[in-house]
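Pasting my_file-v3.txt here (compact mmCIF, C-alpha atoms):
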# COMPACT_ATOMS: atom_id res chain seq x y z
CA MET A 58 0.00 0.00 0.00
CA SER A 59 1.39 3.41 -0.99
CA GLU A 60 1.75 6.26 1.48
CA PHE A 61 -1.05 8.19 -0.25
CA GLU A 62 -3.43 5.20 -0.02
CA TYR A 63 -2.56 4.74 3.66
CA ILE A 64 -3.42 8.38 4.44
CA PHE A 65 -6.62 8.19 2.39
CA TYR A 66 -7.91 5.04 4.13
CA SER A 67 -6.89 6.45 7.52
CA ILE A 68 -9.01 9.53 6.87
CA ILE A 69 -11.98 7.39 5.79
CA GLY A 70 -11.54 5.28 8.89
CA MET A 71 -11.52 8.32 11.14
CA ILE A 72 -14.69 9.58 9.52
CA SER A 73 -16.47 6.28 10.16
CA GLU A 74 -15.14 5.94 13.74
CA ASP A 75 -15.79 9.45 15.05
CA THR A 76 -18.36 11.44 13.19
CA GLU A 77 -19.96 13.09 16.19
CA LEU A 78 -17.65 16.12 16.13
CA ILE A 79 -18.07 16.57 12.39
CA PHE A 80 -21.84 16.48 12.53
CA ILE A 81 -22.07 19.27 15.07
CA LEU A 82 -21.30 21.45 12.07
CA PHE A 83 -24.64 20.54 10.50
CA PRO A 84 -26.77 22.84 12.70
CA ILE A 85 -24.67 25.77 11.45
CA MET A 86 -25.18 24.65 7.86
CA ILE A 87 -28.92 24.14 8.34
CA LEU A 88 -29.61 27.27 10.38
CA ILE A 89 -27.20 29.74 8.75
CA GLU A 90 -25.72 28.73 5.40
CA MET A 91 -28.56 26.83 3.77
CA PRO A 92 -31.26 29.52 4.32
CA LEU A 93 -28.88 32.17 2.96
CA PHE A 94 -28.20 30.13 -0.17
CA ILE A 95 -31.93 29.57 -0.72
CA LEU A 96 -32.64 33.26 -0.12
CA VAL A 97 -29.99 34.37 -2.62
CA ALA A 98 -30.80 31.74 -5.27
CA SER A 99 -34.56 32.40 -5.17
CA GLY A 100 -33.96 36.17 -5.17
CA VAL A 101 -31.73 35.96 -8.24
CA LEU A 102 -34.29 33.78 -10.02
CA ARG A 103 -37.01 36.28 -9.15
CA TRP A 104 -34.85 39.13 -10.47
CA SER A 105 -34.06 37.33 -13.74
CA VAL A 106 -37.76 36.60 -14.37
CA ASN A 107 -38.66 40.27 -13.89
CA LEU A 108 -35.60 41.65 -15.72
CA SER A 109 -37.39 42.14 -19.04
CA GLU A 110 -39.99 44.34 -17.32
CA LEU A 111 -37.36 46.77 -15.99
CA GLU A 112 -37.34 49.81 -18.27
CA ALA A 113 -36.16 53.40 -17.92
CA THR A 114 -39.41 55.36 -17.98
CA SER A 115 -37.54 58.51 -16.97
CA CYS A 116 -33.96 59.75 -17.08
CA PRO A 117 -33.25 61.75 -13.91
CA SER A 118 -30.35 64.18 -13.94
CA ILE A 119 -27.29 62.82 -12.11
CA SER A 120 -24.62 64.29 -9.85
CA PHE A 121 -21.56 62.09 -9.45
CA ILE A 122 -19.38 62.68 -6.38
CA ILE A 123 -15.85 61.40 -6.91
CA THR A 124 -13.90 61.01 -3.66
CA CYS A 125 -10.21 61.64 -4.34
CA TYR A 126 -7.17 61.17 -2.15
CA GLY A 127 -3.84 60.17 -3.66
CA GLU A 128 -5.13 58.59 -6.91
CA GLY A 129 -2.88 60.74 -9.10
CA GLU A 130 -3.35 60.28 -12.84
CA ALA A 131 -5.92 57.50 -12.27
CA ILE A 132 -8.54 60.16 -11.58
CA SER A 133 -8.49 61.12 -15.27
CA GLU A 134 -9.82 57.71 -16.31
CA THR A 135 -12.64 57.93 -13.78
CA ILE A 136 -13.68 61.37 -15.09
CA ASP A 137 -13.48 60.17 -18.70
CA THR A 138 -15.73 57.15 -18.11
CA LEU A 139 -18.37 59.32 -16.40
CA VAL A 140 -18.34 62.01 -19.10
CA GLU A 141 -18.66 59.31 -21.77
CA GLN A 142 -21.82 57.77 -20.33
CA ILE A 143 -24.45 57.08 -22.97
CA TYR A 144 -27.20 58.99 -21.22
CA PRO A 145 -29.68 61.58 -22.56
CA ASN A 146 -29.80 63.92 -19.56
CA LYS A 147 -27.53 66.22 -17.57
CA ILE A 148 -24.57 64.73 -15.74
CA GLU A 149 -22.67 66.78 -13.18
CA ILE A 150 -19.30 65.40 -12.06
CA LEU A 151 -18.08 66.78 -8.74
CA VAL A 152 -14.44 65.88 -8.23
CA VAL A 153 -13.73 66.42 -4.53
CA VAL A 154 -9.99 66.37 -3.83
CA ASP A 155 -9.35 65.77 -0.13
CA GLY A 156 -6.13 67.34 1.10
CA ALA A 157 -5.50 69.06 -2.23
CA LYS A 158 -2.45 70.87 -0.86
CA GLN A 159 -0.49 67.68 -0.15
CA ASN A 160 -2.02 65.83 -3.11
CA ALA A 161 -0.92 68.18 -5.86
CA GLU A 162 -0.63 65.41 -8.47
CA THR A 163 -4.25 64.31 -7.97
CA TYR A 164 -5.44 67.91 -7.92
CA GLN A 165 -3.64 68.76 -11.17
CA ALA A 166 -4.94 65.59 -12.85
CA ALA A 167 -8.48 66.57 -11.82
CA LEU A 168 -8.03 70.08 -13.20
CA TYR A 169 -6.79 68.63 -16.48
CA GLY A 170 -9.83 66.32 -16.63
CA ALA A 171 -12.18 69.27 -16.11
CA LYS A 172 -10.46 71.32 -18.81
CA LYS A 173 -10.47 68.38 -21.23
CA HIS A 174 -14.26 68.05 -21.06
CA GLN A 175 -15.29 71.66 -20.55
CA HIS A 176 -17.24 71.89 -23.82
CA LYS A 177 -19.11 68.56 -23.64
CA ARG A 178 -22.85 68.91 -24.09
CA MET A 179 -24.92 68.20 -20.93
CA ARG A 180 -21.73 67.30 -19.05
CA THR A 181 -20.21 69.48 -16.32
CA VAL A 182 -17.00 68.70 -14.47
CA LYS A 183 -16.41 70.74 -11.31
CA ILE A 184 -13.35 70.50 -9.06
CA ILE A 185 -13.90 70.98 -5.32
CA ALA A 186 -10.57 71.39 -3.56
CA LYS A 187 -10.52 70.63 0.17
CA TRP A 188 -7.15 72.05 1.08
CA GLN A 189 -6.95 70.40 4.48
CA ARG A 190 -7.64 66.70 4.63
CA GLY A 191 -10.83 65.81 6.47
CA GLY A 192 -11.36 62.22 5.40
CA ARG A 193 -13.80 60.30 3.27
CA VAL A 194 -17.00 61.40 5.04
CA SER A 195 -16.23 65.11 4.83
CA THR A 196 -15.31 64.64 1.15
CA LEU A 197 -18.66 63.01 0.38
CA ASN A 198 -20.62 65.65 2.28
CA ALA A 199 -18.71 68.44 0.54
CA GLY A 200 -19.82 66.97 -2.77
CA LEU A 201 -23.39 66.52 -1.54
CA SER A 202 -23.58 70.18 -0.54
CA GLU A 203 -22.79 71.16 -4.15
CA ALA A 204 -24.94 68.55 -5.90
CA LYS A 205 -27.81 69.98 -7.94
CA ASN A 206 -29.38 66.99 -9.71
CA ASP A 207 -32.02 64.36 -8.98
CA LEU A 208 -29.71 61.45 -8.25
CA VAL A 209 -26.46 61.46 -6.31
CA ILE A 210 -23.99 58.67 -7.14
CA ASN A 211 -20.83 58.36 -5.06
CA VAL A 212 -17.82 56.73 -6.71
CA ASP A 213 -14.19 56.18 -5.80
CA GLY A 214 -11.47 58.07 -7.62
CA ASP A 215 -9.76 54.89 -8.84
CA THR A 216 -12.87 53.31 -10.39
CA SER A 217 -13.86 53.23 -14.07
CA PHE A 218 -17.30 52.43 -15.49
CA ASP A 219 -19.08 50.79 -18.40
CA ASN A 220 -20.62 53.47 -20.61
CA ASN A 221 -24.17 52.19 -20.00
CA MET A 222 -23.79 52.38 -16.21
CA ALA A 223 -25.96 55.50 -15.76
CA TRP A 224 -28.66 54.15 -18.09
CA GLU A 225 -28.88 50.86 -16.18
CA MET A 226 -29.09 52.76 -12.89
CA ALA A 227 -31.85 55.00 -14.29
CA LYS A 228 -33.94 51.88 -14.98
CA GLN A 229 -33.83 51.07 -11.28
CA PHE A 230 -34.99 54.53 -10.25
CA SER A 231 -37.93 54.41 -12.64
CA ASP A 232 -39.63 52.77 -9.67
CA PRO A 233 -40.60 55.74 -7.45
CA ASN A 234 -40.34 53.53 -4.35
CA VAL A 235 -36.58 52.98 -4.79
CA LEU A 236 -34.70 55.16 -2.29
CA ALA A 237 -31.19 54.06 -3.20
CA SER A 238 -29.35 51.42 -5.18
CA GLY A 239 -25.96 49.81 -5.09
CA GLY A 240 -24.00 49.29 -8.28
CA ALA A 241 -21.93 46.24 -9.21
CA LEU A 242 -18.16 46.29 -8.84
CA ARG A 243 -15.82 44.02 -10.76
CA VAL A 244 -12.11 43.41 -10.13
CA ARG A 245 -10.25 45.16 -12.92
CA ASN A 246 -6.86 43.56 -12.15
CA TRP A 247 -8.28 40.05 -11.69
CA ASP A 248 -5.43 38.41 -13.63
CA ALA A 249 -2.58 40.00 -11.62
CA ASN A 250 -2.05 37.01 -9.31
CA LEU A 251 -3.84 34.36 -7.26
CA LEU A 252 -5.07 36.86 -4.65
CA THR A 253 -6.82 39.05 -7.21
CA ARG A 254 -8.40 35.99 -8.84
CA MET A 255 -9.83 34.92 -5.49
CA GLN A 256 -11.15 38.44 -4.85
CA SER A 257 -12.69 38.52 -8.31
CA LEU A 258 -14.60 35.32 -7.50
CA GLU A 259 -15.57 36.83 -4.16
CA TYR A 260 -16.99 39.95 -5.83
CA MET A 261 -18.93 37.82 -8.33
CA MET A 262 -20.48 35.45 -5.80
CA SER A 263 -20.68 37.28 -2.48
CA MET A 264 -21.30 40.77 -3.81
CA GLN A 265 -22.94 40.64 -7.23
CA THR A 266 -24.91 37.41 -6.81
CA GLY A 267 -25.54 37.85 -3.09
CA LYS A 268 -26.73 41.45 -3.32
CA THR A 269 -28.90 40.72 -6.35
CA GLY A 270 -30.70 37.99 -4.43
CA MET A 271 -30.98 39.86 -1.13
CA SER A 272 -32.24 43.09 -2.67
CA ASN A 273 -35.08 41.25 -4.35
CA TRP A 274 -36.31 40.10 -0.95
CA GLY A 275 -35.91 43.56 0.58
CA VAL A 276 -32.94 42.72 2.82
CA LEU A 277 -29.96 44.27 1.02
CA ASN A 278 -27.04 44.25 3.46
CA ASN A 279 -25.04 47.24 2.22
CA ILE A 280 -24.81 49.88 -0.50
CA SER A 281 -21.14 50.10 -1.37
CA GLY A 282 -19.21 53.25 -0.51
CA ALA A 283 -17.32 52.82 -3.77
CA PHE A 284 -20.46 52.88 -5.94
CA GLY A 285 -23.90 53.80 -4.62
CA ALA A 286 -26.83 55.84 -5.98
CA PHE A 287 -29.36 57.84 -3.94
CA ARG A 288 -32.30 60.14 -4.51
CA ILE A 289 -30.94 63.51 -3.44
CA GLU A 290 -33.93 64.42 -1.27
CA VAL A 291 -33.67 61.09 0.58
CA ILE A 292 -29.96 61.21 1.35
CA LYS A 293 -30.28 64.79 2.59
CA ARG A 294 -33.28 63.82 4.70
CA VAL A 295 -31.29 61.12 6.53
CA GLY A 296 -28.37 63.49 7.12
CA GLY A 297 -25.86 62.51 4.45
CA TRP A 298 -22.78 60.60 5.50
CA ASP A 299 -21.67 60.46 9.14
CA THR A 300 -18.30 60.55 10.91
CA HIS A 301 -16.38 57.34 11.74
CA THR A 302 -15.49 54.50 9.39
CA ALA A 303 -17.77 52.17 7.37
CA GLU A 304 -19.76 55.22 6.29
CA ASP A 305 -21.49 53.10 3.64
CA LEU A 306 -22.84 50.52 6.09
CA ASP A 307 -23.79 53.30 8.53
CA LEU A 308 -25.76 55.09 5.81
CA THR A 309 -27.41 51.82 4.75
CA MET A 310 -28.53 51.20 8.32
CA ARG A 311 -30.05 54.67 8.53
CA LEU A 312 -31.78 54.16 5.18
CA LYS A 313 -33.20 50.88 6.47
CA GLN A 314 -34.53 52.70 9.52
CA TYR A 315 -36.04 55.33 7.20
CA LYS A 316 -37.50 52.52 5.08
CA GLY A 317 -39.04 51.03 8.23
CA ARG A 318 -41.17 54.17 8.54
CA HIS A 319 -42.06 54.09 4.82
CA PRO A 320 -43.10 50.46 4.19
CA ASN A 321 -43.53 50.78 0.42
CA SER A 322 -40.01 52.09 -0.16
CA ARG A 323 -37.07 49.81 -0.89
CA LEU A 324 -33.31 49.62 -1.31
CA ALA A 325 -32.19 48.10 -4.59
CA PHE A 326 -29.14 46.66 -6.30
CA THR A 327 -28.38 47.02 -10.01
CA PRO A 328 -26.07 44.18 -11.13
CA HIS A 329 -25.72 45.41 -14.71
CA SER A 330 -24.67 48.93 -13.68
CA VAL A 331 -20.98 48.10 -13.57
CA GLY A 332 -17.85 49.73 -12.23
CA HIS A 333 -14.31 48.36 -12.32
CA THR A 334 -11.82 48.69 -9.47
CA ASP A 335 -8.38 47.36 -8.60
CA ALA A 336 -8.34 44.86 -5.73
CA PRO A 337 -5.35 44.53 -3.36
CA ASP A 338 -2.64 42.54 -5.10
CA THR A 339 -0.42 41.85 -2.07
CA LEU A 340 -1.26 39.92 1.08
CA LYS A 341 -0.32 42.84 3.32
CA ILE A 342 -2.65 45.32 1.58
CA LEU A 343 -5.47 42.75 1.49
CA LEU A 344 -5.12 42.01 5.22
CA MET A 345 -5.12 45.71 6.10
CA GLN A 346 -8.26 46.21 4.00
CA ARG A 347 -10.12 43.30 5.60
CA LEU A 348 -9.07 44.20 9.14
CA ARG A 349 -10.71 47.58 8.53
CA TRP A 350 -13.80 46.21 6.77
CA ASP A 351 -14.49 43.41 9.24
CA GLY A 352 -13.69 45.35 12.39
CA ASP A 353 -16.10 48.04 11.27
CA LEU A 354 -18.92 45.47 11.26
CA LEU A 355 -18.64 45.00 15.02
CA PHE A 356 -18.36 48.75 15.58
CA LEU A 357 -21.44 49.54 13.49
CA PHE A 358 -23.74 46.76 14.64
CA LEU A 359 -22.83 46.43 18.30
CA ARG A 360 -21.62 49.91 19.18
CA LYS A 361 -22.93 52.70 16.99
CA HIS A 362 -26.26 51.13 15.96
CA LYS A 363 -26.94 48.82 18.89
CA GLN A 364 -30.04 50.82 19.88
CA GLY A 365 -31.21 51.01 16.26
CA LEU A 366 -30.96 47.25 15.80
CA SER A 367 -34.63 46.65 16.57
CA PRO A 368 -37.70 45.45 14.64
CA SER A 369 -39.56 48.65 15.46
CA LEU A 370 -37.02 50.67 13.44
CA LEU A 371 -35.89 48.16 10.81
CA GLY A 372 -39.04 46.09 10.36
CA TRP A 373 -39.02 42.39 11.20
CA GLY A 374 -37.51 41.22 7.90
CA ASN A 375 -34.48 43.48 8.00
CA PHE A 376 -34.12 43.02 11.77
CA VAL A 377 -33.94 39.22 11.56
CA TYR A 378 -31.67 39.32 8.50
CA THR A 379 -29.29 41.86 10.07
CA LEU A 380 -29.20 39.95 13.33
CA VAL A 381 -28.48 36.58 11.70
CA TYR A 382 -26.35 37.54 8.71
CA GLY A 383 -24.89 40.79 10.00
CA VAL A 384 -24.17 40.04 13.65
CA ILE A 385 -24.18 36.26 14.11
CA GLN A 386 -22.62 35.21 10.80
CA ASN A 387 -20.05 38.01 10.47
CA VAL A 388 -19.25 38.86 14.09
CA VAL A 389 -19.96 35.83 16.28
CA LEU A 390 -19.38 32.80 14.02
CA PRO A 391 -15.84 33.74 12.86
CA LEU A 392 -14.74 33.84 16.52
CA LEU A 393 -16.43 30.51 17.28
CA MET A 394 -14.97 28.97 14.12
CA ALA A 395 -11.44 30.06 15.03
CA LEU A 396 -11.77 28.71 18.58
CA PHE A 397 -13.35 25.48 17.34
CA SER A 398 -10.58 24.96 14.76
CA LEU A 399 -7.92 25.53 17.40
CA TYR A 400 -9.63 23.10 19.78
CA VAL A 401 -9.87 20.36 17.15
CA CYS A 402 -6.23 20.78 16.08
CA LEU A 403 -5.01 20.51 19.68
CA SER A 404 -7.33 17.70 20.78
CA TYR A 405 -7.50 15.22 17.88
CA PRO A 406 -5.05 13.28 15.70
CA ILE A 407 -3.95 14.83 12.44
CA THR A 408 -5.86 12.23 10.43
CA PHE A 409 -9.11 13.25 12.08
CA VAL A 410 -8.36 16.93 11.54
CA LEU A 411 -7.74 16.21 7.86
CA SER A 412 -10.97 14.22 7.61
CA MET A 413 -12.96 17.07 9.15
CA LEU A 414 -11.36 19.62 6.85
CA LEU A 415 -12.08 17.42 3.83
CA PHE A 416 -15.70 17.06 4.92
CA ILE A 417 -16.13 20.83 5.32
CA TYR A 418 -14.33 21.46 2.03
CA LEU A 419 -16.67 19.15 0.11
CA ILE A 420 -19.73 20.88 1.56
CA TYR A 421 -18.51 24.37 0.76
CA ILE A 422 -17.18 23.59 -2.71
CA THR A 423 -20.68 22.29 -3.54
CA PHE A 424 -22.27 25.57 -2.44
CA ILE A 425 -19.60 27.57 -4.27
CA VAL A 426 -20.03 25.72 -7.56
CA LEU A 427 -23.80 26.16 -7.34
CA THR A 428 -23.48 29.88 -6.55
CA PHE A 429 -20.98 30.43 -9.37
CA SER A 430 -23.29 28.59 -11.79
CA ILE A 431 -26.16 30.88 -10.77
CA TYR A 432 -23.91 33.89 -11.31
CA ILE A 433 -22.80 32.78 -14.78
CA GLY A 434 -26.24 31.68 -15.88
CA LEU A 435 -28.39 34.49 -14.51
CA VAL A 436 -26.40 37.49 -13.26
CA SER A 437 -23.21 38.03 -15.24
CA GLU A 438 -23.25 40.50 -18.11
CA ARG A 439 -19.94 38.98 -19.32
CA PRO A 440 -20.45 35.20 -18.92
CA LYS A 441 -17.90 34.21 -21.59
CA GLU A 442 -15.19 36.17 -19.80
CA ASP A 443 -16.21 35.19 -16.28
CA ILE A 444 -16.37 31.45 -16.97
CA LYS A 445 -12.57 31.50 -17.33
CA LEU A 446 -12.27 31.89 -13.57
CA SER A 447 -14.06 28.58 -12.95
CA ILE A 448 -10.74 26.71 -12.96
CA TRP A 449 -9.84 28.56 -9.75
CA LEU A 450 -13.00 27.56 -7.86
CA PRO A 451 -11.33 24.56 -6.11
CA LEU A 452 -9.05 27.00 -4.26
CA TYR A 453 -11.81 29.35 -3.20
CA PRO A 454 -12.93 27.47 -0.04
CA ILE A 455 -9.36 27.68 1.27
CA TYR A 456 -9.28 31.42 0.59
CA ALA A 457 -12.69 31.85 2.25
CA PHE A 458 -11.58 29.90 5.33
CA PHE A 459 -8.45 32.02 5.63
CA MET A 460 -10.48 35.23 5.34
CA ARG A 461 -12.83 34.03 8.09
CA LEU A 462 -9.82 33.65 10.37
CA ILE A 463 -8.85 37.23 9.51
CA THR A 464 -12.41 38.29 10.35
CA ALA A 465 -12.09 36.61 13.76
CA PHE A 466 -8.84 38.45 14.44
CA SER A 467 -10.38 41.75 13.34
CA MET A 468 -13.20 41.28 15.87
CA VAL A 469 -10.70 40.83 18.68
CA ASN A 470 -8.77 43.81 17.36
CA GLU A 471 -11.89 46.02 17.45
CA ILE A 472 -12.96 44.79 20.90
CA THR A 473 -9.57 45.33 22.50
CA ARG A 474 -8.14 48.27 20.58
CA ARG A 475 -11.14 50.07 19.04
CA SER A 476 -9.41 49.72 15.70
CA HIS A 477 -12.06 51.74 13.83
CA GLU A 478 -10.46 54.83 15.38
CA GLU A 479 -7.19 54.03 13.58
CA SER A 480 -8.60 53.90 10.05
CA SER A 481 -6.77 55.40 7.09
CA MET A 482 -10.11 56.67 5.77
CA ALA A 483 -9.77 59.86 7.83
CA PRO A 484 -7.12 61.70 9.86
CA TRP A 485 -6.85 60.57 13.48
CA TRP A 486 -8.06 63.91 14.81
CA VAL A 487 -11.32 63.57 12.87
CA LEU A 488 -12.04 60.06 14.17
CA LYS A 489 -10.98 60.84 17.74
CA ARG A 490 -13.19 63.93 17.92
CA GLY A 491 -16.25 62.12 16.64
CA LYS A 492 -18.84 60.86 19.07
CA ARG A 493 -17.53 57.85 20.97
CA PHE A 494 -19.78 54.79 20.93
Rewrite the coordinates I just gave you, this time as structure tokens.
Amino acid sequence: MSEFEYIFYSIIGMISEDTELIFILFPIMILIEMPLFILVASGVLRWSVNLSELEATSCPSISFIITCYGEGEAISETIDTLVEQIYPNKIEILVVVDGAKQNAETYQAALYGAKKHQHKRMRTVKIIAKWQRGGRVSTLNAGLSEAKNDLVINVDGDTSFDNNMAWEMAKQFSDPNVLASGGALRVRNWDANLLTRMQSLEYMMSMQTGKTGMSNWGVLNNISGAFGAFRIEVIKRVGGWDTHTAEDLDLTMRLKQYKGRHPNSRLAFTPHSVGHTDAPDTLKILLMQRLRWDGDLLFLFLRKHKQGLSPSLLGWGNFVYTLVYGVIQNVVLPLLMALFSLYVCLSYPITFVLSMLLFIYLIYITFIVLTFSIYIGLVSERPKEDIKLSIWLPLYPIYAFFMRLITAFSMVNEITRRSHEESSMAPWWVLKRGKRF
């Protein structure tokens, strides 16, 4: 018997001898993962059936707010792709340069972009220079104070867009009950290395597919800070963006509370309104990004919005969804999973650990293949391009497991060090002077 065969039969033997520990994972699958998959899959199917009925009955004027800090020449591409939108109404592009004094290259690139397009019909590019840096929130609110049009769409300064993006978004807002809508983001540098390929799959399945399904059941989890659209009267009514980090999730929570008082209104997601962004291409940058993203979840749900996390404000649907898939799945379960994994590794033989990992892998790869198939078949606007990433699906469960461990660490980091106060999204004096939760 070869060494490989010996290990294989040992793992099978361990599975048959001691399955009790493995099967305690099933309640998590039944109570958490399976309902989410069903919710997303049925929501996507519902969206695809109704897609042909979605038409732009009106073309509201649009104000884009571009948040800029250190993008340099990349800001020119963002301005170009917004000016070149195929859209029959006015588009105002507000380029807000945060810390323009120390970011002279970005400021000059923005000025060049404005000059380049100064004679375009129904297109206006305006530069708003914030000479002292105030952070992302103050940048967005500075743009909001200058916005004149019906819709406000916030975008990042390093993001480019398909030229039908505005038209697709206008279709969504033809429904007068839509308060706001997220747009789809794709990984522009997906082929840089293995990390960017994994993130590209993550964006396709967790973000594009997941948000498409959730929005169609009225439980959209977040409108991205890198690409979100709002009716101007609504976003001003809820107070614009607020201090601290995770300003997008904070605004989404306040919109959900607003929606709770206006039952017919809804938050939407527009999967075919597409932007392209560069994902972190080194492990260090990716870890820093996820420590910030994940730590902010605990801060928002259990500190800043702990009193607002109630069915009376959110409505029962959004309350249950936020509690289960915002707090339990993203805050509590990563910590339990890390502790459980450590316990198993220290308490059981390596063959049993391998058998358990193989069992979990087989379950999750099944869900991942099904989710990716739903994305390719029903959601993707570029299925022939996206199908190329299918060869990397076998590695995705490993990436997802690793990122859950990072989430667990980020929770501890936020609990012990209040890491949201150390974000690069704003100067320390802005975050420290904000209300402490």
request  = Give me the residues within 12 Å of segment 242-249 of chain A as an MDAnalysis selection string, counting all atoms listed in the file and dropping any in the same chain fewer than 5 places off.
outcome  = chainID A and resid 212:213 215:219 222 254:266 268 280:285 326:339 437:439 442:443 445:446 449
ask   = Which one of A:Arg311, A:Lys147, A:Arg318, A:Arg349 sits closest to Cys116 of chain A if you count all atoms listed in the file?
value = A:Lys147
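Distances here use only C-alpha atoms; by that measure, the residue among A:Gly192, A:Gly270, A:Gly214, A:Pro117 closest to Ala227 of chain A is A:Pro117.
Between atom CA of Lys172 of chain A and atom CA of Glu141 of chain A lies a distance of 14.8 Å.
Among A:Glu149, A:Asp351, A:Asp307, A:Glu162, the residue with the shortest atom-to-atom distance to Ile119 of chain A, counting only C-alpha atoms, is A:Glu149.
From atom CA of Gly191 of chain A back to atom CA of Gln159 of chain A, the distance works out to 12.4 Å.
Going from atom CA of His319 of chain A over to atom CA of Ala286 of chain A, you cover 18.8 Å.
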task = Counting all atoms listed in the file, write as number ranges by chain all protein and nucleic acid residues lying at most 10 Å from (-12.3, 70.3, -18.2) in the file's frame.
result = A: 136, 167-177, 180-184
remark   = Among A:Gly317, A:Thr135, A:Gln189, A:Pro451, Trp373 of chain A is approached most closely, using only C-alpha atoms, by A:Gly317
ask   = Residues at most 8 Å from Ala223 of chain A, counting all atoms listed in the file, excluding those fewer than 3 positions away in the same chain, as a PyMOL selection string?
value = chain A and resi 142-144+220+226-227+330
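Proximity ranking of A:Leu411, A:Thr196, A:Leu102, A:His301 relative to Gly434 of chain A places A:Leu102 first, based on all atoms listed in the file.
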message = Give me the residues near Gly100 of chain A as number ranges by chain, where near means some atom within 10 Å (using only C-alpha atoms) and where sequence neighbours in that chain fewer than 6 positions away do not count.
response = A: 94, 106, 266-275
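Each of A:His362, A:Lys293, A:Arg493, A:His477 was checked against Ser202 of chain A using all atoms listed in the file; the smallest atom-to-atom distance is that of A:Lys293.
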task = For Val235 of chain A, work out the shell of residues within 8 Å, counting all atoms listed in the file and skipping chain neighbours fewer than 5 positions away, then give it as a list of chain:residue names.
result = A:Gln229, A:Phe230, A:Ser322, A:Arg323, A:Leu324, A:Ala325
List the spatial neighbours of Ile289 of chain A as an mmCIF file with C-alpha atoms, keeping the file's coordinate frame - criterion: any atom at most 7 Å away, only C-alpha atoms, same-chain residues fewer than 6 positions off excluded.
data_model
loop_
_atom_site.group_PDB
_atom_site.id
_atom_site.type_symbol
_atom_site.label_atom_id
_atom_site.label_comp_id
_atom_site.auth_asym_id
_atom_site.auth_seq_id
_atom_site.Cartn_x
_atom_site.Cartn_y
_atom_site.Cartn_z
ATOM 1 C CA ASP A 207 -32.020 64.360 -8.980
ATOM 2 C CA LEU A 208 -29.710 61.450 -8.250
ATOM 3 C CA VAL A 209 -26.460 61.460 -6.310
#
